[in-house]
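J.: File work10.tsv below, TSV, C-alpha atoms and all ligand atoms:
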chain	number	residue	atom	x	y	z
U	1	MET	CA	62.91	-1.91	-25.01
U	2	LYS	CA	59.56	-3.64	-24.73
U	3	THR	CA	58.38	-1.01	-22.27
U	4	LYS	CA	59.56	1.79	-24.51
U	5	THR	CA	57.57	0.37	-27.49
U	6	THR	CA	54.46	0.09	-25.33
U	7	LYS	CA	54.92	3.70	-24.17
U	8	CYS	CA	55.30	4.80	-27.79
U	9	ILE	CA	52.14	2.99	-28.78
U	10	VAL	CA	50.29	4.46	-25.79
U	11	SER	CA	51.39	8.00	-26.56
U	12	ALA	CA	50.62	7.58	-30.26
U	13	ALA	CA	47.14	6.34	-29.33
U	14	ALA	CA	46.73	9.24	-26.91
U	15	ALA	CA	47.78	11.69	-29.62
U	16	VAL	CA	45.28	10.17	-32.04
U	17	ALA	CA	42.60	10.28	-29.34
U	18	LEU	CA	43.43	13.92	-28.62
U	19	THR	CA	43.28	14.80	-32.29
U	20	LEU	CA	39.99	12.94	-32.64
U	21	THR	CA	38.53	14.61	-29.56
U	22	GLY	CA	39.69	17.96	-30.86
U	23	ALA	CA	38.21	17.25	-34.28
U	24	THR	CA	34.94	15.98	-32.79
U	25	GLN	CA	34.61	18.98	-30.51
U	26	ALA	CA	35.09	21.34	-33.40
U	27	ALA	CA	32.34	19.53	-35.33
U	28	GLU	CA	29.83	19.30	-32.46
U	29	LYS	CA	27.30	21.81	-33.71
U	30	LEU	CA	23.69	21.83	-34.79
U	31	ASN	CA	21.85	24.62	-36.58
U	32	ILE	CA	18.08	24.50	-36.29
U	33	TYR	CA	15.66	26.64	-38.30
U	34	CYS	CA	12.19	26.20	-36.79
U	35	TRP	CA	8.82	27.82	-36.13
U	36	SER	CA	8.80	30.32	-33.28
U	37	GLU	CA	7.37	29.10	-29.95
U	38	TYR	CA	7.58	25.43	-30.87
U	39	ILE	CA	10.81	23.99	-29.42
U	40	PRO	CA	11.25	25.07	-25.78
U	41	GLN	CA	14.65	26.52	-24.88
U	42	ASP	CA	14.98	24.05	-21.96
U	43	VAL	CA	14.71	21.16	-24.46
U	44	ILE	CA	17.54	22.69	-26.49
U	45	ASP	CA	19.60	23.24	-23.33
U	46	ASP	CA	19.01	19.67	-22.09
U	47	PHE	CA	20.09	18.29	-25.47
U	48	SER	CA	23.31	20.34	-25.35
U	49	LYS	CA	23.98	19.27	-21.76
U	50	GLU	CA	23.54	15.58	-22.59
U	51	THR	CA	25.45	15.52	-25.84
U	52	GLY	CA	27.89	18.42	-25.72
U	53	ILE	CA	26.46	19.56	-29.06
U	54	LYS	CA	26.21	23.34	-29.34
U	55	VAL	CA	22.84	24.27	-30.81
U	56	SER	CA	21.95	27.48	-32.56
U	57	VAL	CA	18.30	28.21	-33.29
U	58	GLU	CA	16.70	30.61	-35.74
U	59	ASN	CA	12.93	31.05	-35.99
U	60	TYR	CA	10.43	31.68	-38.75
U	61	ALA	CA	6.74	32.56	-38.71
U	62	SER	CA	5.59	30.82	-41.88
U	63	ASN	CA	6.61	28.03	-44.22
U	64	GLU	CA	7.00	30.56	-46.99
U	65	GLU	CA	9.45	32.64	-44.93
U	66	MET	CA	11.53	29.51	-44.34
U	67	LEU	CA	11.43	28.51	-48.02
U	68	ALA	CA	12.44	32.00	-49.12
U	69	LYS	CA	15.49	31.90	-46.85
U	70	LEU	CA	16.50	28.39	-47.91
U	71	GLY	CA	15.97	29.26	-51.58
U	72	ALA	CA	18.05	32.39	-51.31
U	73	GLY	CA	20.88	30.29	-49.87
U	74	GLY	CA	20.57	32.10	-46.54
U	75	GLY	CA	21.79	30.26	-43.45
U	76	SER	CA	23.21	26.80	-43.25
U	77	PHE	CA	20.74	24.59	-41.45
U	78	ASP	CA	20.87	20.99	-40.24
U	79	ILE	CA	17.22	20.78	-39.26
U	80	ILE	CA	14.15	22.54	-40.60
U	81	GLN	CA	10.54	22.16	-39.50
U	82	PRO	CA	8.29	22.20	-42.56
U	83	SER	CA	4.56	21.55	-42.62
U	84	GLU	CA	3.19	18.65	-44.66
U	85	TYR	CA	2.72	20.50	-47.97
U	86	VAL	CA	6.25	21.83	-47.75
U	87	VAL	CA	7.73	18.39	-47.04
U	88	GLU	CA	5.88	17.27	-50.17
U	89	ALA	CA	7.39	20.12	-52.22
U	90	LEU	CA	10.91	19.71	-50.84
U	91	VAL	CA	10.86	15.96	-51.49
U	92	LYS	CA	9.72	16.59	-55.08
U	93	GLU	CA	12.57	19.04	-55.55
U	94	LYS	CA	15.04	16.59	-53.96
U	95	LEU	CA	16.04	19.13	-51.35
U	96	LEU	CA	15.82	16.83	-48.33
U	97	ARG	CA	18.21	14.17	-47.16
U	98	PRO	CA	16.90	10.64	-46.53
U	99	LEU	CA	16.94	9.80	-42.83
U	100	ASP	CA	18.97	7.03	-41.27
U	101	LYS	CA	16.14	5.41	-39.29
U	102	LYS	CA	18.63	3.33	-37.30
U	103	ALA	CA	19.74	6.56	-35.68
U	104	ILE	CA	16.13	7.45	-34.75
U	105	PRO	CA	14.80	4.41	-32.81
U	106	ASN	CA	12.37	6.61	-30.85
U	107	LEU	CA	10.30	6.91	-34.00
U	108	LYS	CA	8.54	3.90	-32.46
U	109	ASN	CA	6.85	6.36	-30.05
U	110	ILE	CA	4.87	8.06	-32.83
U	111	ASP	CA	1.22	7.18	-33.27
U	112	SER	CA	0.92	5.18	-36.50
U	113	LYS	CA	-1.84	7.60	-37.63
U	114	PHE	CA	0.87	10.21	-38.11
U	115	LEU	CA	3.36	7.96	-39.90
U	116	ASN	CA	3.55	7.04	-43.55
U	117	MET	CA	1.38	9.96	-44.60
U	118	SER	CA	0.89	10.79	-48.26
U	119	PHE	CA	3.35	13.71	-48.20
U	120	ASP	CA	6.20	11.38	-47.18
U	121	PRO	CA	5.43	7.67	-47.64
U	122	GLY	CA	7.54	5.57	-45.30
U	123	ASN	CA	8.79	8.70	-43.51
U	124	LYS	CA	11.86	8.56	-45.65
U	125	TYR	CA	12.59	12.25	-45.05
U	126	SER	CA	10.54	13.53	-42.15
U	127	VAL	CA	9.80	12.90	-38.49
U	128	PRO	CA	6.47	14.20	-37.13
U	129	PHE	CA	7.04	16.89	-34.50
U	130	MET	CA	3.59	18.29	-33.71
U	131	ALA	CA	0.23	18.46	-35.41
U	132	GLY	CA	-2.64	20.82	-34.88
U	133	THR	CA	-5.35	22.90	-36.34
U	134	VAL	CA	-6.52	26.48	-36.70
U	135	GLY	CA	-9.54	27.70	-34.79
U	136	ILE	CA	-11.33	30.71	-33.40
U	137	VAL	CA	-10.83	32.02	-29.86
U	138	VAL	CA	-13.36	34.43	-28.41
U	139	ASN	CA	-13.01	36.50	-25.26
U	140	THR	CA	-16.55	36.00	-23.99
U	141	GLU	CA	-16.30	38.97	-21.62
U	142	LEU	CA	-15.90	41.27	-24.59
U	143	VAL	CA	-17.94	39.54	-27.30
U	144	LYS	CA	-21.50	38.49	-26.63
U	145	ASP	CA	-22.35	37.27	-30.16
U	146	ASP	CA	-22.43	33.52	-30.69
U	147	ILE	CA	-19.46	33.18	-33.04
U	148	LYS	CA	-19.45	29.90	-34.92
U	149	SER	CA	-17.68	30.53	-38.21
U	150	PHE	CA	-15.07	32.53	-40.10
U	151	SER	CA	-17.95	34.53	-41.59
U	152	ASP	CA	-19.17	35.41	-38.07
U	153	VAL	CA	-15.67	36.61	-37.14
U	154	PHE	CA	-15.31	38.82	-40.21
U	155	LYS	CA	-18.40	40.96	-39.66
U	156	PRO	CA	-17.99	44.74	-39.93
U	157	ALA	CA	-19.02	45.05	-36.25
U	158	ASN	CA	-15.80	43.22	-35.30
U	159	LYS	CA	-13.50	45.69	-37.06
U	160	GLY	CA	-10.45	46.39	-34.90
U	161	LYS	CA	-11.21	43.50	-32.52
U	162	ILE	CA	-9.50	40.69	-34.43
U	163	VAL	CA	-6.06	39.05	-34.36
U	164	ALA	CA	-5.38	36.71	-37.28
U	165	LEU	CA	-2.45	34.56	-38.33
U	166	ASP	CA	-0.08	36.40	-40.62
U	167	ASP	CA	-0.03	33.61	-43.18
U	168	ALA	CA	-1.31	34.06	-46.73
U	169	ARG	CA	-1.91	30.35	-47.36
U	170	GLU	CA	-3.96	30.12	-44.15
U	171	ILE	CA	-6.02	33.25	-44.71
U	172	THR	CA	-6.81	32.26	-48.30
U	173	ALA	CA	-7.86	28.79	-47.14
U	174	TRP	CA	-10.35	30.36	-44.67
U	175	ALA	CA	-11.82	32.45	-47.49
U	176	LEU	CA	-12.10	29.37	-49.72
U	177	LEU	CA	-13.82	27.45	-46.92
U	178	SER	CA	-16.28	30.32	-46.42
U	179	GLN	CA	-17.28	29.88	-50.07
U	180	GLY	CA	-17.60	26.10	-49.75
U	181	LEU	CA	-14.46	25.57	-51.88
U	182	PRO	CA	-11.70	23.01	-51.17
U	183	ILE	CA	-8.62	24.50	-49.49
U	184	ASN	CA	-6.18	23.00	-51.96
U	185	ASP	CA	-7.86	24.33	-55.09
U	186	MET	CA	-6.05	27.64	-55.30
U	187	SER	CA	-6.54	27.92	-59.05
U	188	ASP	CA	-6.64	31.37	-60.65
U	189	ALA	CA	-10.43	31.04	-60.93
U	190	ASN	CA	-10.80	30.32	-57.20
U	191	LEU	CA	-8.40	33.09	-56.24
U	192	GLU	CA	-10.61	35.48	-58.25
U	193	LYS	CA	-13.64	34.16	-56.35
U	194	VAL	CA	-12.12	34.78	-52.92
U	195	LYS	CA	-10.53	38.12	-53.78
U	196	PRO	CA	-13.64	40.15	-52.83
U	197	VAL	CA	-14.03	38.09	-49.65
U	198	LEU	CA	-10.45	38.85	-48.62
U	199	ALA	CA	-10.85	42.49	-49.61
U	200	ASN	CA	-13.71	42.72	-47.08
U	201	TRP	CA	-12.02	40.67	-44.37
U	202	LEU	CA	-8.46	41.96	-44.20
U	203	PRO	CA	-9.23	45.60	-43.23
U	204	LEU	CA	-11.17	44.30	-40.21
U	205	VAL	CA	-8.04	42.73	-38.67
U	206	LYS	CA	-6.25	44.77	-36.03
U	207	VAL	CA	-3.23	42.51	-35.50
U	208	PHE	CA	-1.60	40.00	-37.88
U	209	ASP	CA	0.61	37.70	-35.84
U	210	SER	CA	1.72	34.14	-36.46
U	211	ASP	CA	4.44	34.04	-33.78
U	212	SER	CA	2.29	34.64	-30.72
U	213	PRO	CA	-1.30	35.55	-31.62
U	214	LYS	CA	-2.35	34.74	-28.03
U	215	THR	CA	-0.56	37.87	-26.79
U	216	ALA	CA	-3.05	40.36	-28.29
U	217	LEU	CA	-5.90	38.36	-26.73
U	218	LEU	CA	-4.19	38.05	-23.35
U	219	ASN	CA	-3.47	41.75	-23.07
U	220	GLY	CA	-6.99	42.70	-24.19
U	221	ASP	CA	-5.89	44.43	-27.41
U	222	VAL	CA	-8.38	42.30	-29.35
U	223	ALA	CA	-11.39	40.16	-28.46
U	224	ILE	CA	-11.40	37.52	-31.20
U	225	GLY	CA	-8.57	35.50	-32.70
U	226	ILE	CA	-8.00	33.03	-35.47
U	227	VAL	CA	-5.03	31.17	-34.09
U	228	TRP	CA	-2.99	27.94	-34.09
U	229	GLY	CA	-4.47	25.22	-31.86
U	230	GLY	CA	-1.51	25.34	-29.44
U	231	GLU	CA	-2.00	29.07	-28.93
U	232	GLY	CA	-5.73	28.50	-28.38
U	233	ALA	CA	-4.89	25.81	-25.82
U	234	ILE	CA	-2.69	28.21	-23.83
U	235	LEU	CA	-5.52	30.76	-23.80
U	236	LEU	CA	-8.03	28.16	-22.58
U	237	GLN	CA	-5.61	27.15	-19.80
U	238	SER	CA	-5.06	30.77	-18.81
U	239	ASP	CA	-8.64	31.97	-18.34
U	240	PRO	CA	-12.13	30.45	-18.63
U	241	LYS	CA	-13.33	33.62	-20.39
U	242	PHE	CA	-11.71	32.29	-23.59
U	243	ARG	CA	-13.77	29.96	-25.76
U	244	TRP	CA	-12.39	27.72	-28.54
U	245	ILE	CA	-14.44	27.19	-31.69
U	246	ILE	CA	-13.76	24.96	-34.69
U	247	PRO	CA	-15.07	27.08	-37.59
U	248	ALA	CA	-18.39	25.81	-38.96
U	249	GLU	CA	-17.06	26.06	-42.53
U	250	GLY	CA	-14.29	23.58	-41.66
U	251	THR	CA	-10.59	23.93	-41.00
U	252	HIS	CA	-7.40	22.05	-41.67
U	253	LEU	CA	-5.09	19.67	-39.90
U	254	PHE	CA	-1.40	20.47	-40.08
U	255	ILE	CA	1.47	18.14	-39.43
U	256	ASP	CA	4.77	19.89	-38.78
U	257	SER	CA	7.82	17.64	-39.08
U	258	LEU	CA	11.55	17.76	-38.64
U	259	ALA	CA	13.64	17.23	-41.77
U	260	ILE	CA	17.26	17.54	-42.83
U	261	PRO	CA	18.06	19.79	-45.82
U	262	LYS	CA	20.32	18.28	-48.49
U	263	THR	CA	22.92	20.93	-47.66
U	264	ALA	CA	23.13	20.06	-43.92
U	265	LYS	CA	26.66	19.74	-42.54
U	266	ASN	CA	25.92	18.11	-39.17
U	267	VAL	CA	23.73	15.21	-40.21
U	268	ASN	CA	24.53	12.88	-37.30
U	269	ASN	CA	23.78	15.62	-34.81
U	270	ALA	CA	20.50	16.37	-36.59
U	271	GLU	CA	19.43	12.72	-36.30
U	272	ALA	CA	20.53	12.63	-32.65
U	273	PHE	CA	18.30	15.66	-32.01
U	274	MET	CA	15.36	14.06	-33.79
U	275	ASN	CA	15.74	10.97	-31.64
U	276	PHE	CA	16.04	13.15	-28.51
U	277	ILE	CA	12.82	15.08	-29.12
U	278	LEU	CA	10.97	11.81	-29.75
U	279	ARG	CA	11.87	10.58	-26.25
U	280	THR	CA	8.76	10.24	-24.07
U	281	ASP	CA	9.91	12.65	-21.34
U	282	ILE	CA	11.22	15.25	-23.79
U	283	SER	CA	8.10	15.12	-25.94
U	284	LYS	CA	5.99	15.69	-22.81
U	285	GLN	CA	8.18	18.67	-21.93
U	286	ILE	CA	7.39	20.08	-25.40
U	287	SER	CA	3.65	19.52	-24.90
U	288	ASP	CA	3.80	21.22	-21.49
U	289	ALA	CA	5.23	24.36	-23.07
U	290	PHE	CA	3.49	24.31	-26.45
U	291	PRO	CA	0.27	22.29	-26.20
U	292	TYR	CA	-0.34	21.23	-29.79
U	293	THR	CA	-1.67	17.84	-30.92
U	294	ASN	CA	1.22	15.63	-29.89
U	295	PRO	CA	1.65	12.73	-32.34
U	296	ASN	CA	3.90	10.99	-29.81
U	297	LEU	CA	1.68	8.29	-28.34
U	298	ALA	CA	4.11	7.40	-25.56
U	299	ALA	CA	4.20	11.04	-24.42
U	300	ARG	CA	0.44	11.45	-24.75
U	301	LYS	CA	0.01	8.61	-22.25
U	302	ILE	CA	1.77	10.64	-19.55
U	303	LEU	CA	-0.01	13.96	-20.18
U	304	THR	CA	-2.48	15.02	-17.50
U	305	GLU	CA	-6.25	14.58	-17.93
U	306	GLU	CA	-6.52	18.35	-18.18
U	307	GLN	CA	-3.99	18.49	-21.03
U	308	ILE	CA	-5.78	15.75	-22.97
U	309	ARG	CA	-9.19	17.35	-22.38
U	310	ASN	CA	-8.06	20.67	-23.87
U	311	LYS	CA	-10.06	20.78	-27.11
U	312	ALA	CA	-7.68	23.21	-28.77
U	313	SER	CA	-4.81	20.75	-28.27
U	314	PHE	CA	-6.70	17.58	-29.01
U	315	PRO	CA	-9.72	17.89	-31.29
U	316	SER	CA	-12.05	14.88	-31.27
U	317	ASP	CA	-11.65	12.13	-33.88
U	318	GLU	CA	-14.92	13.31	-35.38
U	319	GLU	CA	-13.57	16.86	-35.75
U	320	ILE	CA	-10.27	15.61	-37.19
U	321	ALA	CA	-12.08	13.41	-39.71
U	322	LYS	CA	-13.66	16.58	-41.20
U	323	MET	CA	-10.36	18.47	-41.51
U	324	GLN	CA	-8.50	18.87	-44.79
U	325	VAL	CA	-4.70	18.71	-45.06
U	326	PHE	CA	-2.75	21.20	-47.19
U	327	ARG	CA	-1.09	19.88	-50.35
U	328	ASP	CA	1.72	21.38	-52.36
U	329	ILE	CA	0.15	23.91	-54.76
U	330	GLY	CA	3.35	24.57	-56.71
U	331	THR	CA	3.71	27.97	-58.34
U	332	GLN	CA	0.19	29.04	-57.26
U	333	GLY	CA	1.77	29.63	-53.84
U	334	SER	CA	3.42	32.86	-54.94
U	335	LYS	CA	0.10	34.09	-56.43
U	336	VAL	CA	-1.55	33.49	-53.05
U	337	ASP	CA	1.20	35.52	-51.35
U	338	GLU	CA	0.87	38.34	-53.88
U	339	LEU	CA	-2.91	38.42	-53.55
U	340	VAL	CA	-2.89	38.70	-49.75
U	341	THR	CA	0.05	41.13	-49.66
U	342	SER	CA	-1.57	43.45	-52.18
U	343	LEU	CA	-4.94	43.43	-50.40
U	344	LYS	CA	-3.30	44.06	-47.01
U	345	ALA	CA	-1.53	47.08	-48.46
U	346	GLN	CA	-4.82	48.70	-49.63
A	1	LIG	N1	4.27	28.51	-33.02
A	1	LIG	C1	4.29	27.37	-33.86
A	1	LIG	C2	3.22	27.37	-34.85
A	1	LIG	C3	3.33	26.26	-35.81
A	1	LIG	C4	2.22	26.21	-36.73
A	1	LIG	N2	2.46	25.47	-37.85
A	1	LIG	C5	1.32	25.46	-38.64
A	1	LIG	C6	1.50	25.29	-40.05
A	1	LIG	C7	0.24	25.46	-40.81
A	1	LIG	N3	0.39	25.56	-42.20
Do you think you could lay out the structure here as structure tokens?
T.:
Amino acid sequence: MKTKTTKCIVSAAAAVALTLTGATQAAEKLNIYCWSEYIPQDVIDDFSKETGIKVSVENYASNEEMLAKLGAGGGSFDIIQPSEYVVEALVKEKLLRPLDKKAIPNLKNIDSKFLNMSFDPGNKYSVPFMAGTVGIVVNTELVKDDIKSFSDVFKPANKGKIVALDDAREITAWALLSQGLPINDMSDANLEKVKPVLANWLPLVKVFDSDSPKTALLNGDVAIGIVWGGEGAILLQSDPKFRWIIPAEGTHLFIDSLAIPKTAKNVNNAEAFMNFILRTDISKQISDAFPYTNPNLAARKILTEEQIRNKASFPSDEEIAKMQVFRDIGTQGSKVDELVTSLKAQ
């Protein structure tokens, strides 16, 4: 009788365990919506292997593309990867979920310079993924001029030789900088001021590409690029003919983070992923593939000398001190998009 009861308890427990396992397996998913060429596929695969969580990844090429999809209710994402000004906007609109920091102990690996920034005090909602800047890359075999600035790039002689990021906020910021104006003052008056600048610049561009602007430079389609730092770093690694230039007018520092939308369904898995990518070895793996400015101090310590010396990955403190950071510009953002879209169409 005693034995029978024990057996019953055991089989009841096994049944519960089975049900739980079944239920857990069904829930083990993670949907990531992130920038293209930013999270290596082997990092995703390693996470799935270690945790059994099935990950699906969709990419975007600009913050605005991501916001448009989220706003239109498209997709159901557990992790997004907004830049600083977008974290600021999403927090204001209460569209992000506060993080459970206990689930993300590897946050300790992040350099304190990249924590507690004004767009998310206390990192209540966001975990720094990568930072970086935008600079000029010149193929010195094809261009003999000494290019130092955005204005040097956008000279009529360079028509058809340029690849530029396909990002209205970026392009407008370069035009503002060329006029000595602050990158976050995108008032109507300033947009009017930069309109003629953009009208001259945009027809000179041969390729607009935010996903992989290095490609047009690597295959010789263009000779000059205005590209993300990580893309510039890959070009510098690939061939000494490429030169990296921080534009004389100035540039900006971006901080791209991971955050969980309010509507996420797999919150625990999202936090497990955040903790995973903050691991020293995993963060190094990310830097090896996409050499941006890694805010993970522990990972930076195990990068090679050559990686750390790459100026497109790691600008000097002096250079960083001069960089501006984008802020949320509210409804002016759509005017910036309209301006650039209409001028590109001309
Ligand atoms: N391929 C990943 C590029 C990420 C660049 N993020 C920059 C945001 C600047 N606003």
J.: Excluding Phe77 in chain U and any residue of its chain fewer than 3 positions from it, enumerate the residues within 9 Å of it, using all atoms listed in the file, and give them as a PyMOL selection string.
T.: chain U and resi 30-33+70+80+260-261+263-266
J.: Around ligand LIG 1 (chain A), which protein and nucleic acid residues have at least one atom no more than 6 Å from it, if we count all atoms listed in the file? List them as a list of chain:residue names.
T.: U:Trp35, U:Ser36, U:Glu37, U:Tyr38, U:Ser83, U:Asp211, U:Phe254
J.: Excluding same-chain residues fewer than 4 positions from range 195-207 of chain U, what lies within 12 Å of it counting only C-alpha atoms, as a PDB file with C-alpha atoms, in the frame of the given file?
T.:
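Generated output (selection.pdb):
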ATOM      1  CA  PHE U 150     -15.070  32.530 -40.100  1.00  0.00           C
ATOM      2  CA  SER U 151     -17.950  34.530 -41.590  1.00  0.00           C
ATOM      3  CA  ASP U 152     -19.170  35.410 -38.070  1.00  0.00           C
ATOM      4  CA  VAL U 153     -15.670  36.610 -37.140  1.00  0.00           C
ATOM      5  CA  PHE U 154     -15.310  38.820 -40.210  1.00  0.00           C
ATOM      6  CA  LYS U 155     -18.400  40.960 -39.660  1.00  0.00           C
ATOM      7  CA  PRO U 156     -17.990  44.740 -39.930  1.00  0.00           C
ATOM      8  CA  ALA U 157     -19.020  45.050 -36.250  1.00  0.00           C
ATOM      9  CA  ASN U 158     -15.800  43.220 -35.300  1.00  0.00           C
ATOM     10  CA  LYS U 159     -13.500  45.690 -37.060  1.00  0.00           C
ATOM     11  CA  GLY U 160     -10.450  46.390 -34.900  1.00  0.00           C
ATOM     12  CA  LYS U 161     -11.210  43.500 -32.520  1.00  0.00           C
ATOM     13  CA  ILE U 162      -9.500  40.690 -34.430  1.00  0.00           C
ATOM     14  CA  VAL U 163      -6.060  39.050 -34.360  1.00  0.00           C
ATOM     15  CA  ALA U 164      -5.380  36.710 -37.280  1.00  0.00           C
ATOM     16  CA  LEU U 165      -2.450  34.560 -38.330  1.00  0.00           C
ATOM     17  CA  ASP U 166      -0.080  36.400 -40.620  1.00  0.00           C
ATOM     18  CA  ASP U 167      -0.030  33.610 -43.180  1.00  0.00           C
ATOM     19  CA  ALA U 168      -1.310  34.060 -46.730  1.00  0.00           C
ATOM     20  CA  GLU U 170      -3.960  30.120 -44.150  1.00  0.00           C
ATOM     21  CA  ILE U 171      -6.020  33.250 -44.710  1.00  0.00           C
ATOM     22  CA  THR U 172      -6.810  32.260 -48.300  1.00  0.00           C
ATOM     23  CA  ALA U 173      -7.860  28.790 -47.140  1.00  0.00           C
ATOM     24  CA  TRP U 174     -10.350  30.360 -44.670  1.00  0.00           C
ATOM     25  CA  ALA U 175     -11.820  32.450 -47.490  1.00  0.00           C
ATOM     26  CA  LEU U 176     -12.100  29.370 -49.720  1.00  0.00           C
ATOM     27  CA  LEU U 177     -13.820  27.450 -46.920  1.00  0.00           C
ATOM     28  CA  SER U 178     -16.280  30.320 -46.420  1.00  0.00           C
ATOM     29  CA  GLN U 179     -17.280  29.880 -50.070  1.00  0.00           C
ATOM     30  CA  MET U 186      -6.050  27.640 -55.300  1.00  0.00           C
ATOM     31  CA  ASP U 188      -6.640  31.370 -60.650  1.00  0.00           C
ATOM     32  CA  ALA U 189     -10.430  31.040 -60.930  1.00  0.00           C
ATOM     33  CA  ASN U 190     -10.800  30.320 -57.200  1.00  0.00           C
ATOM     34  CA  LEU U 191      -8.400  33.090 -56.240  1.00  0.00           C
ATOM     35  CA  ASP U 211       4.440  34.040 -33.780  1.00  0.00           C
ATOM     36  CA  SER U 212       2.290  34.640 -30.720  1.00  0.00           C
ATOM     37  CA  PRO U 213      -1.300  35.550 -31.620  1.00  0.00           C
ATOM     38  CA  LYS U 214      -2.350  34.740 -28.030  1.00  0.00           C
ATOM     39  CA  THR U 215      -0.560  37.870 -26.790  1.00  0.00           C
ATOM     40  CA  ALA U 216      -3.050  40.360 -28.290  1.00  0.00           C
ATOM     41  CA  LEU U 217      -5.900  38.360 -26.730  1.00  0.00           C
ATOM     42  CA  GLY U 220      -6.990  42.700 -24.190  1.00  0.00           C
ATOM     43  CA  ASP U 221      -5.890  44.430 -27.410  1.00  0.00           C
ATOM     44  CA  VAL U 222      -8.380  42.300 -29.350  1.00  0.00           C
ATOM     45  CA  ALA U 223     -11.390  40.160 -28.460  1.00  0.00           C
ATOM     46  CA  ILE U 224     -11.400  37.520 -31.200  1.00  0.00           C
ATOM     47  CA  GLY U 225      -8.570  35.500 -32.700  1.00  0.00           C
ATOM     48  CA  ILE U 226      -8.000  33.030 -35.470  1.00  0.00           C
ATOM     49  CA  VAL U 227      -5.030  31.170 -34.090  1.00  0.00           C
ATOM     50  CA  LYS U 335       0.100  34.090 -56.430  1.00  0.00           C
ATOM     51  CA  VAL U 336      -1.550  33.490 -53.050  1.00  0.00           C
ATOM     52  CA  GLU U 338       0.870  38.340 -53.880  1.00  0.00           C
ATOM     53  CA  LEU U 339      -2.910  38.420 -53.550  1.00  0.00           C
ATOM     54  CA  VAL U 340      -2.890  38.700 -49.750  1.00  0.00           C
ATOM     55  CA  THR U 341       0.050  41.130 -49.660  1.00  0.00           C
ATOM     56  CA  SER U 342      -1.570  43.450 -52.180  1.00  0.00           C
ATOM     57  CA  LEU U 343      -4.940  43.430 -50.400  1.00  0.00           C
ATOM     58  CA  LYS U 344      -3.300  44.060 -47.010  1.00  0.00           C
ATOM     59  CA  ALA U 345      -1.530  47.080 -48.460  1.00  0.00           C
ATOM     60  CA  GLN U 346      -4.820  48.700 -49.630  1.00  0.00           C
TER      61      GLN U 346
END
J.: Using all atoms listed in the file, which residue out of U:Pro295, U:Gly132, U:Pro82, U:Gly122 lies closest to Leu99 in chain U?
T.: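 Between U:Pro295, U:Gly132, U:Pro82, U:Gly122, the residue approaching Leu99 in chain U most closely is U:Gly122.
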J.: Using all atoms listed in the file, find the one residue out of U:Thr140, U:Gln307, U:Thr280, U:Ser56 that sits nearest to Ile79 in chain U.
T.: U:Ser56
J.: Grab the CA of Glu306 in chain U to CA of Ser287 in chain U distance for me, in Å with one decimal place.
T.: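 Computing it gives 12.2 Å between the two atoms.
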J.: Skipping near chain neighbours, those fewer than 6 positions away, what residues fall within 8 Å of Gly232 in chain U using all atoms listed in the file, listed as an MDAnalysis selection string?
T.: chainID U and resid 135:137 214 244 312:313
J.: U:Leu253, U:Leu278, U:Leu218, U:Leu142: which is nearest Ala321 in chain U, counting all atoms listed in the file?
T.: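 With all atoms listed in the file as the atom set, the closest residue is U:Leu253.
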J.: My list of candidates is U:Lys92, U:Arg327, U:Lys101, U:Arg300. Which is closest to Met117 in chain U when distances are computed with all atoms listed in the file?
T.: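 Closest candidate: U:Arg327.
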J.: Ranking U:Asn294, U:Ser76, U:Asn310, U:Asn269 by minimum distance to Ala103 in chain U and counting only C-alpha atoms, which one comes first?
T.: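 Closest candidate: U:Asn269.
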J.: Quick check, in Å to one decimal: how far apart do CA of Pro98 in chain U and CA of Glu50 in chain U lie?
T.: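 Distance reported for this atom pair: 25.3 Å.
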J.: Record the distance separating CA of Tyr292 in chain U and CA of Ile234 in chain U, expressed in Å with one decimal.
T.: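 The value is 9.5 Å.
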J.: So which one's closest to Glu65 in chain U, U:Ile53, U:Cys34, U:Ile104, U:Val134? Using only C-alpha atoms, please.
T.: U:Cys34
J.: Using 3 Å of padding on each side, determine the axis-aligned box around all atoms of range 158-166 of chain U present in the file and give its centre and edge lengths in Å to one decimal, as lines of an AutoDock Vina configuration file.
T.:
center_x = -7.9
center_y = 40.5
center_z = -36.6
size_x = 21.7
size_y = 17.8
size_z = 14.1
